[in-house]
Amino acid sequence: MCHPHDSCRVHAQGAANLAFVGMAVIIRAMKSQLSKPTLAVAALGACAALAAGVVSALDDLSVDVERIDGAGWTAEGVSIHLDLPRGATHAHALVKRLKLAARAEELRDVRIDCREVELSVDRIACPNARIAATLPSLGAQLLTGRVVYGRRTGSLDVELAGLKVGTGSARIKGALADTGWKADLQLEHVAIEPLIKFARDWQAPVPELSASGTATLSVSASGSQAALRQMRVTAKIAEFTANNESGSLAAEKLSLELAASVERSGNDWRYTVSLSSNRGQAYAQPVFLDFGAHYLGLSAQGRWKADGTLLVPTFSFLHRDVAQGHGSATLRFAAEQPLSALTLTLEKLQFPGAYASYFQPLLLDTSFKALQSSGGISGEIVIADGAPQSIDLKFDSVTVDDAARTLVLKDLKGDWHWRDADARDDDKPTTAPDSLLSWRGGALLNLELGASELRFNTVSRQFRLLQPARIPVLDGAIDLETFRIRNAGQPAVAFLVDATIQPISVRELCKAFGWPEFGGSVGGVISKLRMRDHVITLGTTLQARVFDGDVAIKDLRLEQPFGQWPRFHSSIALDNLDLELVTRAFSFGRITGRLSGTIDALELFNWTPVAFDARLFTPVGDKSRHRISQRAVANIGSIGGGSGVASALSSGFLRFFEDFNYDRLGLSCRLEQDVCVIDGVAPAPNGGYYLVKGSGIPRIDVIGGARRVDWPRLLQQLVAATKSEGPVVK
């Protein structure tokens, strides 16, 4: 708008007449005492009318305008120059500062070149404009297009092409009027990096990323003044590679397709959005997703309220070969817990895709970091205020195998129902439907499990077995009578089992744990078997019948049973074992007689002995026949460092005997810090100790001299002794 104190300068033949007419119009407008914007419009109209009415008498026309206010825009320092040759009008304009109401920054030194100006009472138009300007964040630009200015309304219509955004290009179409504004933006193969910079300059919430790739984008928006009324966006992003400084976010050659729309409804916004990807990878610590292997599609619609609440009455997703589902949600971003409500219906959670995509990243520091899995899960999950309220899942032939047989479940089927105890209806305690799960087989801690089923109830952090269940284990079984868990998932977790062990072969147990195999069985009643703080304890003594004798295990304690480094503690009492069966099982050399003893303070780390206090001896009053073979004599002599035993057996008349009588034998070993402190059944001359005290003729005594023995070396010798065909003496 041309203000009254601005000048409309005309240089041509008949300039005096033009000036006279122009001044008359301006003076008349001033005398009418109209408002300043009206005066400006009148002055600019006079200049334009003069140019249109006396074009045949002018060569050129220059107009300097201090300020022009339009609908949603302001221009300052406007200089317009019109070339008026006969039959045509050319215009050149310079705008020192151009500001949009919706944008804080301003454009400077905008140059407009119009080869053909269309002038009328209603508008000034340039159908083939060339515009040069420096745009914030995008740098110097040279654009072509159409510009139309409404002289009566102050409206502005613009269509521009040739906008450069990095190595890509953009087209803009916009309209500004008193009733509002409209804008369309088309971006073609624009680099991501300048787009991110542009978005940050516009104060968009973009994370700090180093990124590359290209985007093709279409945006259609409308509004009034600085307010947006509606917007629609479609976008295709290709070869998107990005990462943040900490490495918690990353993408590699990711392709995305986005379609979204928002529309103001009162003080709220209605929205729809869909997003899909079938190429590239993305990482958001700790989850890694490979969209090339598993296509992902998301869609949602709802309302964003003025108080910051996001309502999602419906959403759906398809993660191909991984998960599919739908649901609804409410998020309150101003609240301490943003997730106010969520109802998720899982149509299918499919393995192994679901394990690799969702669960494996969370299990990398556990023994289950390399599970083999198959099958599927469906059901519904309800969350309120960030906490689960109910879970109803159906298992369809789910199989998991950690490859180390710590945990194996085959063909898991059935229904699991869970309820939060704090979710109450009419002040009545919450109850959950009964659950029933069955499996075809499996393994736990390398123990083979047979087919079984459990009927149980789960509320909050509590588990309760509803009816007795039999779980086949190896060649026996465990009959569960009571099984309860309290405070599951908390440090104060409690675990209680009452059960009966139907006889399980010791030989099969030895195979499972990698121990030397021997006969016998384990059975009996288990009561007060508890787990607290990831520690299993047994309140009673576990009895086993092995080697025709009795073994009692008490003070049992197992720490981190499902961790990478389990630690086992117990005390073991041996009563009247048949030594011939024991030595036959371990190929140690034949010994007849009986053996009793104790192994106190036994500690195994990852199932390897690291501490114990053991005493093994011939029981008092044993009347059985006591015989020991040459091989057994030599192997026992090697334990105590008795190097003379081998030479005695290989020379003299002793070499003619296959075995010898003995009165009693015994050994004690206290293991600490990889050193075994050894003693025998009785003191011997010269500070030694009897490992075997002979009797009768031929008589042989095995006397040890070494008191401190390196445990790894001793263990190596014992293993070698059980595998050798003859005496091994070192």
# chains A, B, ... in the order shown; residues from 1 in each chain; ligands from 1

call {"tool": "residues_around", "arguments": {"residues": "Arg664 in chain A", "least_positions_apart": "4", "cutoff": "10 Å", "atoms": "only C-alpha atoms", "output": "list in words"}}
result
Gly593, Arg594, Leu595, Phe617, Thr618, Pro619, Val620, Asp622, His626, Arg627, Val681, Ala682, Tyr690, Leu691, Val692, Lys693, Gly694 and Ser695 of chain A

call {"tool": "write_last_selection", "arguments": {"atoms": "N, CA and C atoms", "output": "short mmCIF file (atom, residue, chain, number, x, y, z; two decimals), in the first residue's frame"}}
result
data_model
loop_
_atom_site.label_atom_id
_atom_site.label_comp_id
_atom_site.auth_asym_id
_atom_site.auth_seq_id
_atom_site.Cartn_x
_atom_site.Cartn_y
_atom_site.Cartn_z
N GLY A 593 34.34 -103.55 50.14
CA GLY A 593 34.12 -103.00 51.46
C GLY A 593 33.03 -101.93 51.42
N ARG A 594 32.91 -101.21 52.51
CA ARG A 594 31.90 -100.17 52.61
C ARG A 594 32.56 -98.81 52.85
N LEU A 595 31.79 -97.77 52.53
CA LEU A 595 32.32 -96.41 52.65
C LEU A 595 31.25 -95.50 53.22
N PHE A 617 35.60 -92.54 54.62
CA PHE A 617 36.31 -93.51 55.47
C PHE A 617 35.54 -94.82 55.54
N THR A 618 36.28 -95.86 55.95
CA THR A 618 35.65 -97.15 56.23
C THR A 618 34.83 -97.02 57.50
N PRO A 619 33.54 -97.37 57.47
CA PRO A 619 32.73 -97.19 58.67
C PRO A 619 33.18 -98.13 59.79
N VAL A 620 33.05 -97.67 61.03
CA VAL A 620 33.41 -98.47 62.20
C VAL A 620 32.51 -99.70 62.25
N ASP A 622 32.58 -102.26 60.19
CA ASP A 622 32.25 -102.85 58.89
C ASP A 622 32.81 -104.27 58.84
N HIS A 626 37.44 -106.83 52.87
CA HIS A 626 38.20 -105.65 52.49
C HIS A 626 39.34 -106.05 51.56
N ARG A 627 39.19 -105.81 50.26
CA ARG A 627 40.23 -106.09 49.30
C ARG A 627 40.42 -104.87 48.40
N VAL A 681 43.31 -91.66 57.03
CA VAL A 681 42.45 -92.32 58.01
C VAL A 681 43.09 -92.35 59.39
N ALA A 682 44.44 -92.23 59.41
CA ALA A 682 45.15 -92.25 60.70
C ALA A 682 46.56 -91.71 60.48
N TYR A 690 47.98 -92.38 56.88
CA TYR A 690 47.54 -93.56 56.16
C TYR A 690 46.34 -93.21 55.27
N LEU A 691 46.50 -93.51 54.01
CA LEU A 691 45.35 -93.51 53.11
C LEU A 691 44.72 -94.90 53.08
N VAL A 692 45.58 -95.91 53.08
CA VAL A 692 45.14 -97.31 53.19
C VAL A 692 46.02 -97.97 54.25
N LYS A 693 45.39 -98.53 55.27
CA LYS A 693 46.13 -99.25 56.31
C LYS A 693 45.92 -100.74 56.09
N GLY A 694 47.04 -101.41 55.76
CA GLY A 694 46.96 -102.80 55.36
C GLY A 694 46.64 -103.74 56.51
N SER A 695 46.41 -105.02 56.12
CA SER A 695 46.08 -106.05 57.09
C SER A 695 46.43 -107.40 56.50
#

call {"tool": "residues_around", "arguments": {"residues": "Val262 in chain A", "least_positions_apart": "2", "cutoff": "8 Å", "atoms": "only C-alpha atoms", "output": "list of chain:residue names"}}
result
A:Gln230, A:Met231, A:Arg232, A:Ala260, A:Arg264, A:Trp269, A:Arg270, A:Tyr271, A:Thr272

call {"tool": "write_last_selection", "arguments": {"atoms": "N, CA and C atoms", "output": "compact mmCIF listing (two decimals), in the first residue's frame"}}
result
# COMPACT_ATOMS: atom_id res chain seq x y z
N GLN A 230 -6.06 -26.88 8.67
CA GLN A 230 -5.93 -28.28 8.25
C GLN A 230 -4.66 -28.46 7.45
N MET A 231 -4.17 -29.72 7.45
CA MET A 231 -2.97 -30.02 6.68
C MET A 231 -3.00 -31.49 6.30
N ARG A 232 -2.56 -31.76 5.08
CA ARG A 232 -2.40 -33.13 4.60
C ARG A 232 -0.98 -33.29 4.09
N ALA A 260 -0.61 -38.49 6.20
CA ALA A 260 -1.18 -37.97 7.43
C ALA A 260 -2.04 -36.75 7.12
N ARG A 264 -8.43 -28.90 12.39
CA ARG A 264 -8.88 -28.31 13.64
C ARG A 264 -10.36 -28.55 13.84
N TRP A 269 -7.69 -31.08 17.64
CA TRP A 269 -7.27 -31.48 16.29
C TRP A 269 -7.71 -32.90 16.03
N ARG A 270 -8.32 -33.12 14.88
CA ARG A 270 -8.58 -34.47 14.42
C ARG A 270 -7.44 -34.89 13.49
N TYR A 271 -7.05 -36.15 13.55
CA TYR A 271 -5.92 -36.59 12.74
C TYR A 271 -6.15 -38.02 12.23
N THR A 272 -5.52 -38.33 11.13
CA THR A 272 -5.34 -39.69 10.64
C THR A 272 -3.91 -39.81 10.17

call {"tool": "closest_residue", "arguments": {"among": "A:Gln564, A:Ile485, A:Ile478, A:Leu275", "to": "Leu465 in chain A", "atoms": "only C-alpha atoms"}}
result
A:Ile485

call {"tool": "residues_around", "arguments": {"residues": "Glu347 in chain A", "least_positions_apart": "3", "cutoff": "7 Å", "atoms": "only C-alpha atoms", "output": "PyMOL selection string"}}
result
chain A and resi 324-325+378-379

call {"tool": "residues_around", "arguments": {"residues": "Ser328 in chain A", "least_positions_apart": "6", "cutoff": "8 Å", "atoms": "only C-alpha atoms", "output": "PyMOL selection string"}}
result
chain A and resi 312-315+342-344

call {"tool": "write_last_selection", "arguments": {"atoms": "C-alpha atoms", "output": "PDB file, in the first residue's frame"}}
result
ATOM      1  CA  VAL A 312      -6.385 -42.874  19.683  1.00  0.00           C
ATOM      2  CA  PRO A 313      -9.797 -44.564  19.462  1.00  0.00           C
ATOM      3  CA  THR A 314      -8.478 -46.912  16.804  1.00  0.00           C
ATOM      4  CA  PHE A 315      -5.072 -48.035  15.597  1.00  0.00           C
ATOM      5  CA  LEU A 342      -4.290 -48.940  26.200  1.00  0.00           C
ATOM      6  CA  THR A 343      -6.312 -51.837  24.905  1.00  0.00           C
ATOM      7  CA  LEU A 344      -4.273 -54.045  22.585  1.00  0.00           C
TER       8      LEU A 344
END

call {"tool": "residues_around", "arguments": {"residues": "Gly450 in chain A", "least_positions_apart": "2", "cutoff": "9 Å", "atoms": "only C-alpha atoms", "output": "PDB file with C-alpha atoms, in the first residue's frame"}}
result
ATOM      1  CA  TRP A 439       3.295 -79.013  26.768  1.00  0.00           C
ATOM      2  CA  ARG A 440       4.461 -82.052  24.848  1.00  0.00           C
ATOM      3  CA  GLY A 441       7.946 -82.160  26.365  1.00  0.00           C
ATOM      4  CA  GLY A 442      11.000 -80.100  27.155  1.00  0.00           C
ATOM      5  CA  ALA A 443      13.977 -79.703  29.434  1.00  0.00           C
ATOM      6  CA  GLU A 448      14.369 -84.061  30.279  1.00  0.00           C
ATOM      7  CA  SER A 452       2.278 -82.461  31.268  1.00  0.00           C
ATOM      8  CA  ILE A 471       5.675 -83.668  35.559  1.00  0.00           C
ATOM      9  CA  PRO A 472       7.733 -86.536  34.134  1.00  0.00           C
ATOM     10  CA  VAL A 473      11.467 -85.956  34.744  1.00  0.00           C
ATOM     11  CA  LEU A 474      13.976 -88.307  33.074  1.00  0.00           C
ATOM     12  CA  ALA A 477       8.437 -87.901  37.844  1.00  0.00           C
TER      13      ALA A 477
END

call {"tool": "atom_distance", "arguments": {"atom1": "CA of Val546 in chain A", "atom2": "CA of Leu715 in chain A"}}
result
22.7 Å

call {"tool": "closest_residue", "arguments": {"among": "A:Trp73, A:Tyr358, A:Phe288, A:Phe395", "to": "Trp181 in chain A", "atoms": "only C-alpha atoms"}}
result
A:Trp73

call {"tool": "atom_distance", "arguments": {"atom1": "CA of Glu66 in chain A", "atom2": "CA of Leu94 in chain A"}}
result
11.8 Å

call {"tool": "select_by_dssp", "arguments": {"residues": "range 231-379 of chain A", "states": "strand (DSSP E or B)", "output": "JSON, numbers by chain"}}
result
{"A": [231, 232, 233, 234, 235, 236, 237, 238, 239, 240, 241, 242, 243, 249, 250, 251, 252, 253, 254, 255, 256, 257, 258, 259, 260, 261, 262, 263, 264, 265, 268, 269, 270, 271, 272, 273, 274, 275, 276, 277, 278, 279, 280, 281, 282, 283, 284, 287, 288, 289, 290, 296, 297, 298, 299, 300, 301, 302, 303, 304, 309, 310, 311, 312, 313, 314, 315, 316, 317, 318, 319, 323, 324, 325, 326, 327, 328, 329, 330, 331, 332, 339, 340, 341, 342, 343, 344, 345, 346, 347, 348, 349, 350, 351, 372, 373, 374, 375, 376, 377, 378, 379]}

call {"tool": "select_by_dssp", "arguments": {"residues": "range 170-314 of chain A", "states": "alpha helix (DSSP H)", "output": "PyMOL selection string"}}
result
chain A and resi 192-201

call {"tool": "closest_residue", "arguments": {"among": "A:Ala238, A:Leu444, A:Leu138, A:Val400", "to": "Glu252 in chain A", "atoms": "only C-alpha atoms"}}
result
A:Ala238

call {"tool": "closest_residue", "arguments": {"among": "A:Gln186, A:Thr537, A:Gln372, A:Ser397", "to": "Ala354 in chain A", "atoms": "only C-alpha atoms"}}
result
A:Gln372

call {"tool": "residues_around", "arguments": {"residues": "range 147-154 of chain A", "least_positions_apart": "6", "cutoff": "7 Å", "atoms": "only C-alpha atoms", "output": "tab-separated table (two decimals) with C-alpha atoms, in the first residue's frame"}}
result
chain	number	residue	atom	x	y	z
A	70	GLY	CA	-1.59	-7.67	3.20
A	71	ALA	CA	-3.60	-10.59	4.53
A	122	ASP	CA	-9.22	-5.40	-9.25
A	123	ARG	CA	-5.75	-6.78	-9.51
A	124	ILE	CA	-2.14	-6.53	-10.54
A	125	ALA	CA	-0.86	-9.79	-11.99
A	126	CYS	CA	2.35	-11.19	-13.35
A	127	PRO	CA	1.82	-14.52	-15.14
A	129	ALA	CA	7.46	-13.75	-12.84
A	177	ALA	CA	-6.56	-13.43	1.76

call {"tool": "atom_distance", "arguments": {"atom1": "CA of Ala573 in chain A", "atom2": "CA of Lys554 in chain A"}}
result
8.4 Å

call {"tool": "residues_around", "arguments": {"residues": "Arg229 in chain A", "least_positions_apart": "6", "cutoff": "7 Å", "atoms": "only C-alpha atoms", "output": "VMD selection string"}}
result
chain A and resid 222 to 223 263 to 264
